[in-house]
Amino acid sequence: MVSASSLLLPSSVRDLASCVSDGAVRVACTNPASTLVTASSAASSSPATLAFTTTYHATPLSPSSRPLLLRLTWSHSPVGPPTLSFAGPTASSPAVHLRRRKGTHSLPSDDDQQQPPLAFFWDLTAAKYAAATSPEPVSGFYFVAVANAEVVLAVGDLAAEFVKTKFEGQIPKARFLPVSRADRVVASPNAMHTARVRFAEGAPEHEVSVGCATTSGGGEELWVSVDGKRAVHARRLRWNFRGNQTVFVDGAPVDVLWDLHSWWFRDPPGCAVVMLRARSALESRLWLEEEAAAPGFALVVQAIKTPP
């Protein structure tokens, strides 16, 4: 099975680990006294979203079944409505692009990769979206995956009703949780991207905003806010293009890392990467192997200057 950490972190963020030491981590608190961040004061536009990818960790009820990592990607299509892709639990599992609005599909077992046979079902015919720029539906849809006679993933407001009807309530449901979300956006230097996430199971949902702005003096700055309260503010980005800081959300540590080197210095420009990752314990240290083996939830924002 592929490790959780290898799926959570894009290569640009993994490379960042070798450039930032634990001793460089700074600590801040997101409290009511923090500076409020608004679109008018720090960023003037919202970036166009290319894709959302959510990775889920499923723990089957059967003791003989291994945990699974399953990925759903919602992306814009050059023509027609947004599309959905699904990737199975191994690094070699190819993504299956679900071009129809409704259907079923199956993936055969792979004994070498310890991958069980998977069947999945989806229906996007009545899907509703929060905005025309978002490829991820908010209601009117379902995606359900089944492995070894267990529901290992059920996403969407219509998923429970589908499972009840399809299997007549006679199928067990594994425990599954989102462990990472990667948002790929097209952004200008004065843009703000917002996502709603939970950093731990049962924790409150938070609105996380990532923005890049040009100051009145012509410099650039990066900021990250949680629920409208500024948590990270990095200035003079052409010098501070890589860095990390630890903030506290719900009393627990969340590591914030950024890497804008290829955004500024590569021709053609690469992507800017900002990651927020919940740490599993207050006393744990960033990038230790045991921390990477069981990471907390991670939000990764990858911004590019021009669409592919």
# chains A, B, ... in the order shown; residues from 1 in each chain; ligands from 1
call {"tool": "select_by_dssp", "arguments": {"residues": "range 190-279 of chain A", "states": "strand (DSSP E or B)", "output": "PyMOL selection string"}}
result
chain A and resi 191-197+206-214+220-226+229-235+242-249+252-259+272-278
call {"tool": "closest_atom_pairs", "arguments": {"of": "range 121-160 of chain A", "to": "range 68-87 of chain A", "cutoff": "10 Å", "atoms": "only C-alpha atoms", "output": "JSON lines"}}
result
{"residue": "A:Trp122", "atom": "CA", "partner": "A:Leu84", "partner_atom": "CA", "distance": 9.5}
{"residue": "A:Leu124", "atom": "CA", "partner": "A:Leu84", "partner_atom": "CA", "distance": 9.2}
{"residue": "A:Tyr129", "atom": "CA", "partner": "A:Pro82", "partner_atom": "CA", "distance": 9.8}
{"residue": "A:Ala132", "atom": "CA", "partner": "A:Pro82", "partner_atom": "CA", "distance": 9.8}
{"residue": "A:Thr133", "atom": "CA", "partner": "A:His76", "partner_atom": "CA", "distance": 8.5}
{"residue": "A:Ser134", "atom": "CA", "partner": "A:His76", "partner_atom": "CA", "distance": 8.0}
{"residue": "A:Pro135", "atom": "CA", "partner": "A:Pro82", "partner_atom": "CA", "distance": 5.1}
{"residue": "A:Glu136", "atom": "CA", "partner": "A:Trp74", "partner_atom": "CA", "distance": 5.5}
{"residue": "A:Pro137", "atom": "CA", "partner": "A:Trp74", "partner_atom": "CA", "distance": 8.5}
{"residue": "A:Phe143", "atom": "CA", "partner": "A:Leu72", "partner_atom": "CA", "distance": 9.3}
{"residue": "A:Ala145", "atom": "CA", "partner": "A:Leu70", "partner_atom": "CA", "distance": 9.2}
{"residue": "A:Ala147", "atom": "CA", "partner": "A:Leu68", "partner_atom": "CA", "distance": 9.7}
{"residue": "A:Val152", "atom": "CA", "partner": "A:Leu68", "partner_atom": "CA", "distance": 8.2}
{"residue": "A:Leu153", "atom": "CA", "partner": "A:Leu70", "partner_atom": "CA", "distance": 8.1}
{"residue": "A:Val155", "atom": "CA", "partner": "A:Leu72", "partner_atom": "CA", "distance": 9.6}
call {"tool": "closest_residue", "arguments": {"among": "A:Ala119, A:Asp183, A:Ser109, A:Ala203", "to": "Ala51 in chain A", "atoms": "only C-alpha atoms"}}
result
A:Asp183
call {"tool": "closest_residue", "arguments": {"among": "A:Ala154, A:Ala174, A:Thr104, A:Asp227", "to": "Arg196 in chain A", "atoms": "only C-alpha atoms"}}
result
A:Asp227
call {"tool": "atom_distance", "arguments": {"atom1": "CA of Phe176 in chain A", "atom2": "CA of Val247 in chain A"}}
result
26.6 Å
call {"tool": "residues_around", "arguments": {"residues": "Val163 in chain A", "least_positions_apart": "5", "cutoff": "9 Å", "atoms": "only C-alpha atoms", "output": "PyMOL selection string"}}
result
chain A and resi 144+151+154+158+168-169+171
call {"tool": "write_last_selection", "arguments": {"atoms": "all heavy atoms", "output": "compact mmCIF listing (two decimals), in the first residue's frame"}}
result
# COMPACT_ATOMS: atom_id res chain seq x y z
N VAL A 144 -20.40 6.66 -4.61
CA VAL A 144 -20.31 5.57 -3.63
C VAL A 144 -19.33 4.54 -4.16
O VAL A 144 -19.41 4.12 -5.33
CB VAL A 144 -21.68 4.93 -3.38
CG1 VAL A 144 -21.55 3.70 -2.47
CG2 VAL A 144 -22.64 5.94 -2.77
N VAL A 151 -19.20 -0.58 2.04
CA VAL A 151 -19.13 0.78 1.50
C VAL A 151 -17.89 1.44 2.09
O VAL A 151 -17.80 1.64 3.30
CB VAL A 151 -20.40 1.58 1.86
CG1 VAL A 151 -20.24 3.04 1.43
CG2 VAL A 151 -21.62 0.99 1.20
N ALA A 154 -18.64 7.18 0.63
CA ALA A 154 -19.97 7.66 0.24
C ALA A 154 -19.95 9.18 0.36
O ALA A 154 -19.86 9.72 1.47
CB ALA A 154 -21.05 7.05 1.13
N LEU A 158 -27.01 12.72 -1.61
CA LEU A 158 -27.90 11.63 -2.03
C LEU A 158 -27.28 10.26 -1.82
O LEU A 158 -27.87 9.24 -2.20
CB LEU A 158 -28.26 11.81 -3.52
CG LEU A 158 -28.89 13.15 -3.92
CD1 LEU A 158 -29.23 13.14 -5.41
CD2 LEU A 158 -30.13 13.43 -3.08
N GLU A 168 -30.43 -2.29 -0.02
CA GLU A 168 -31.52 -2.59 0.90
C GLU A 168 -31.06 -2.56 2.36
O GLU A 168 -31.52 -3.33 3.20
CB GLU A 168 -32.14 -3.95 0.57
CG GLU A 168 -32.73 -4.00 -0.84
CD GLU A 168 -33.34 -5.34 -1.16
OE1 GLU A 168 -33.14 -6.29 -0.37
OE2 GLU A 168 -34.00 -5.43 -2.20
N GLY A 169 -30.09 -1.68 2.64
CA GLY A 169 -29.62 -1.51 4.01
C GLY A 169 -28.87 -2.70 4.57
O GLY A 169 -28.66 -2.78 5.78
N ILE A 171 -25.65 -3.72 3.83
CA ILE A 171 -24.22 -3.66 3.58
C ILE A 171 -23.55 -2.81 4.64
O ILE A 171 -24.05 -1.73 5.00
CB ILE A 171 -23.93 -3.10 2.16
CG1 ILE A 171 -22.44 -3.21 1.82
CG2 ILE A 171 -24.43 -1.68 2.02
CD1 ILE A 171 -22.13 -2.91 0.36
call {"tool": "select_by_dssp", "arguments": {"residues": "range 57-264 of chain A", "states": "alpha helix (DSSP H)", "output": "PyMOL selection string"}}
result
chain A and resi 159-167+261-264
call {"tool": "write_last_selection", "arguments": {"atoms": "all heavy atoms", "output": "compact mmCIF listing (two decimals), in the first residue's frame"}}
result
# COMPACT_ATOMS: atom_id res chain seq x y z
N ALA A 159 -26.08 10.20 -1.23
CA ALA A 159 -25.37 8.93 -1.10
C ALA A 159 -26.09 7.96 -0.17
O ALA A 159 -26.21 6.77 -0.47
CB ALA A 159 -23.94 9.18 -0.60
N ALA A 160 -26.57 8.44 0.98
CA ALA A 160 -27.21 7.54 1.95
C ALA A 160 -28.46 6.90 1.36
O ALA A 160 -28.69 5.70 1.54
CB ALA A 160 -27.55 8.32 3.23
N GLU A 161 -29.26 7.69 0.64
CA GLU A 161 -30.48 7.15 0.05
C GLU A 161 -30.15 6.13 -1.04
O GLU A 161 -30.81 5.10 -1.17
CB GLU A 161 -31.31 8.28 -0.55
CG GLU A 161 -32.65 7.84 -1.13
CD GLU A 161 -33.57 7.20 -0.08
OE1 GLU A 161 -33.47 7.57 1.10
OE2 GLU A 161 -34.36 6.31 -0.47
N PHE A 162 -29.08 6.39 -1.82
CA PHE A 162 -28.69 5.43 -2.85
C PHE A 162 -28.26 4.11 -2.22
O PHE A 162 -28.65 3.03 -2.69
CB PHE A 162 -27.54 6.00 -3.70
CG PHE A 162 -26.91 4.98 -4.59
CD1 PHE A 162 -27.51 4.60 -5.77
CD2 PHE A 162 -25.71 4.36 -4.23
CE1 PHE A 162 -26.94 3.62 -6.59
CE2 PHE A 162 -25.13 3.38 -5.04
CZ PHE A 162 -25.76 3.02 -6.23
N VAL A 163 -27.44 4.17 -1.18
CA VAL A 163 -26.98 2.95 -0.52
C VAL A 163 -28.15 2.16 0.04
O VAL A 163 -28.23 0.93 -0.09
CB VAL A 163 -25.96 3.28 0.59
CG1 VAL A 163 -25.64 2.05 1.44
CG2 VAL A 163 -24.68 3.84 -0.01
N LYS A 164 -29.09 2.87 0.63
CA LYS A 164 -30.26 2.21 1.22
C LYS A 164 -31.08 1.51 0.14
O LYS A 164 -31.53 0.37 0.33
CB LYS A 164 -31.11 3.24 1.96
CG LYS A 164 -32.36 2.66 2.60
CD LYS A 164 -33.15 3.74 3.31
CE LYS A 164 -34.43 3.19 3.93
NZ LYS A 164 -35.22 4.26 4.60
N THR A 165 -31.25 2.18 -0.99
CA THR A 165 -32.05 1.61 -2.07
C THR A 165 -31.31 0.49 -2.79
O THR A 165 -31.87 -0.57 -3.07
CB THR A 165 -32.44 2.71 -3.08
OG1 THR A 165 -33.15 3.74 -2.40
CG2 THR A 165 -33.29 2.15 -4.20
N LYS A 166 -30.04 0.72 -3.10
CA LYS A 166 -29.27 -0.24 -3.88
C LYS A 166 -29.01 -1.53 -3.12
O LYS A 166 -29.11 -2.63 -3.68
CB LYS A 166 -27.92 0.40 -4.27
CG LYS A 166 -26.96 -0.50 -5.03
CD LYS A 166 -27.44 -0.79 -6.43
CE LYS A 166 -26.41 -1.61 -7.20
NZ LYS A 166 -26.86 -1.92 -8.56
N PHE A 167 -28.68 -1.42 -1.85
CA PHE A 167 -28.27 -2.59 -1.08
C PHE A 167 -29.28 -2.97 -0.01
O PHE A 167 -29.01 -3.83 0.82
CB PHE A 167 -26.91 -2.34 -0.43
CG PHE A 167 -25.83 -2.02 -1.44
CD1 PHE A 167 -25.40 -0.72 -1.61
CD2 PHE A 167 -25.26 -3.02 -2.20
CE1 PHE A 167 -24.41 -0.41 -2.53
CE2 PHE A 167 -24.27 -2.73 -3.13
CZ PHE A 167 -23.84 -1.42 -3.30
N HIS A 261 9.08 29.84 -5.04
CA HIS A 261 10.30 30.02 -5.82
C HIS A 261 10.02 29.94 -7.33
O HIS A 261 10.42 30.81 -8.10
CB HIS A 261 11.34 28.97 -5.42
CG HIS A 261 12.63 29.11 -6.15
ND1 HIS A 261 12.87 28.47 -7.35
CD2 HIS A 261 13.75 29.82 -5.88
CE1 HIS A 261 14.07 28.78 -7.79
NE2 HIS A 261 14.64 29.59 -6.91
N SER A 262 9.34 28.87 -7.76
CA SER A 262 9.12 28.73 -9.20
C SER A 262 8.11 29.74 -9.73
O SER A 262 8.09 30.05 -10.92
CB SER A 262 8.67 27.29 -9.54
OG SER A 262 7.51 26.95 -8.83
N TRP A 263 7.26 30.28 -8.85
CA TRP A 263 6.31 31.33 -9.25
C TRP A 263 7.07 32.58 -9.68
O TRP A 263 6.74 33.22 -10.68
CB TRP A 263 5.38 31.62 -8.07
CG TRP A 263 4.45 32.78 -8.24
CD1 TRP A 263 4.75 34.10 -8.05
CD2 TRP A 263 3.07 32.74 -8.59
NE1 TRP A 263 3.64 34.88 -8.25
CE2 TRP A 263 2.59 34.08 -8.58
CE3 TRP A 263 2.17 31.72 -8.89
CZ2 TRP A 263 1.27 34.40 -8.87
CZ3 TRP A 263 0.85 32.05 -9.18
CH2 TRP A 263 0.41 33.37 -9.17
N TRP A 264 8.13 32.90 -8.92
CA TRP A 264 8.88 34.13 -9.20
C TRP A 264 10.02 33.92 -10.19
O TRP A 264 10.30 34.79 -11.02
CB TRP A 264 9.47 34.69 -7.90
CG TRP A 264 8.48 35.14 -6.88
CD1 TRP A 264 8.35 34.66 -5.62
CD2 TRP A 264 7.48 36.15 -7.03
NE1 TRP A 264 7.33 35.30 -4.96
CE2 TRP A 264 6.78 36.22 -5.81
CE3 TRP A 264 7.10 36.99 -8.07
CZ2 TRP A 264 5.74 37.11 -5.59
CZ3 TRP A 264 6.06 37.87 -7.86
CH2 TRP A 264 5.39 37.92 -6.64
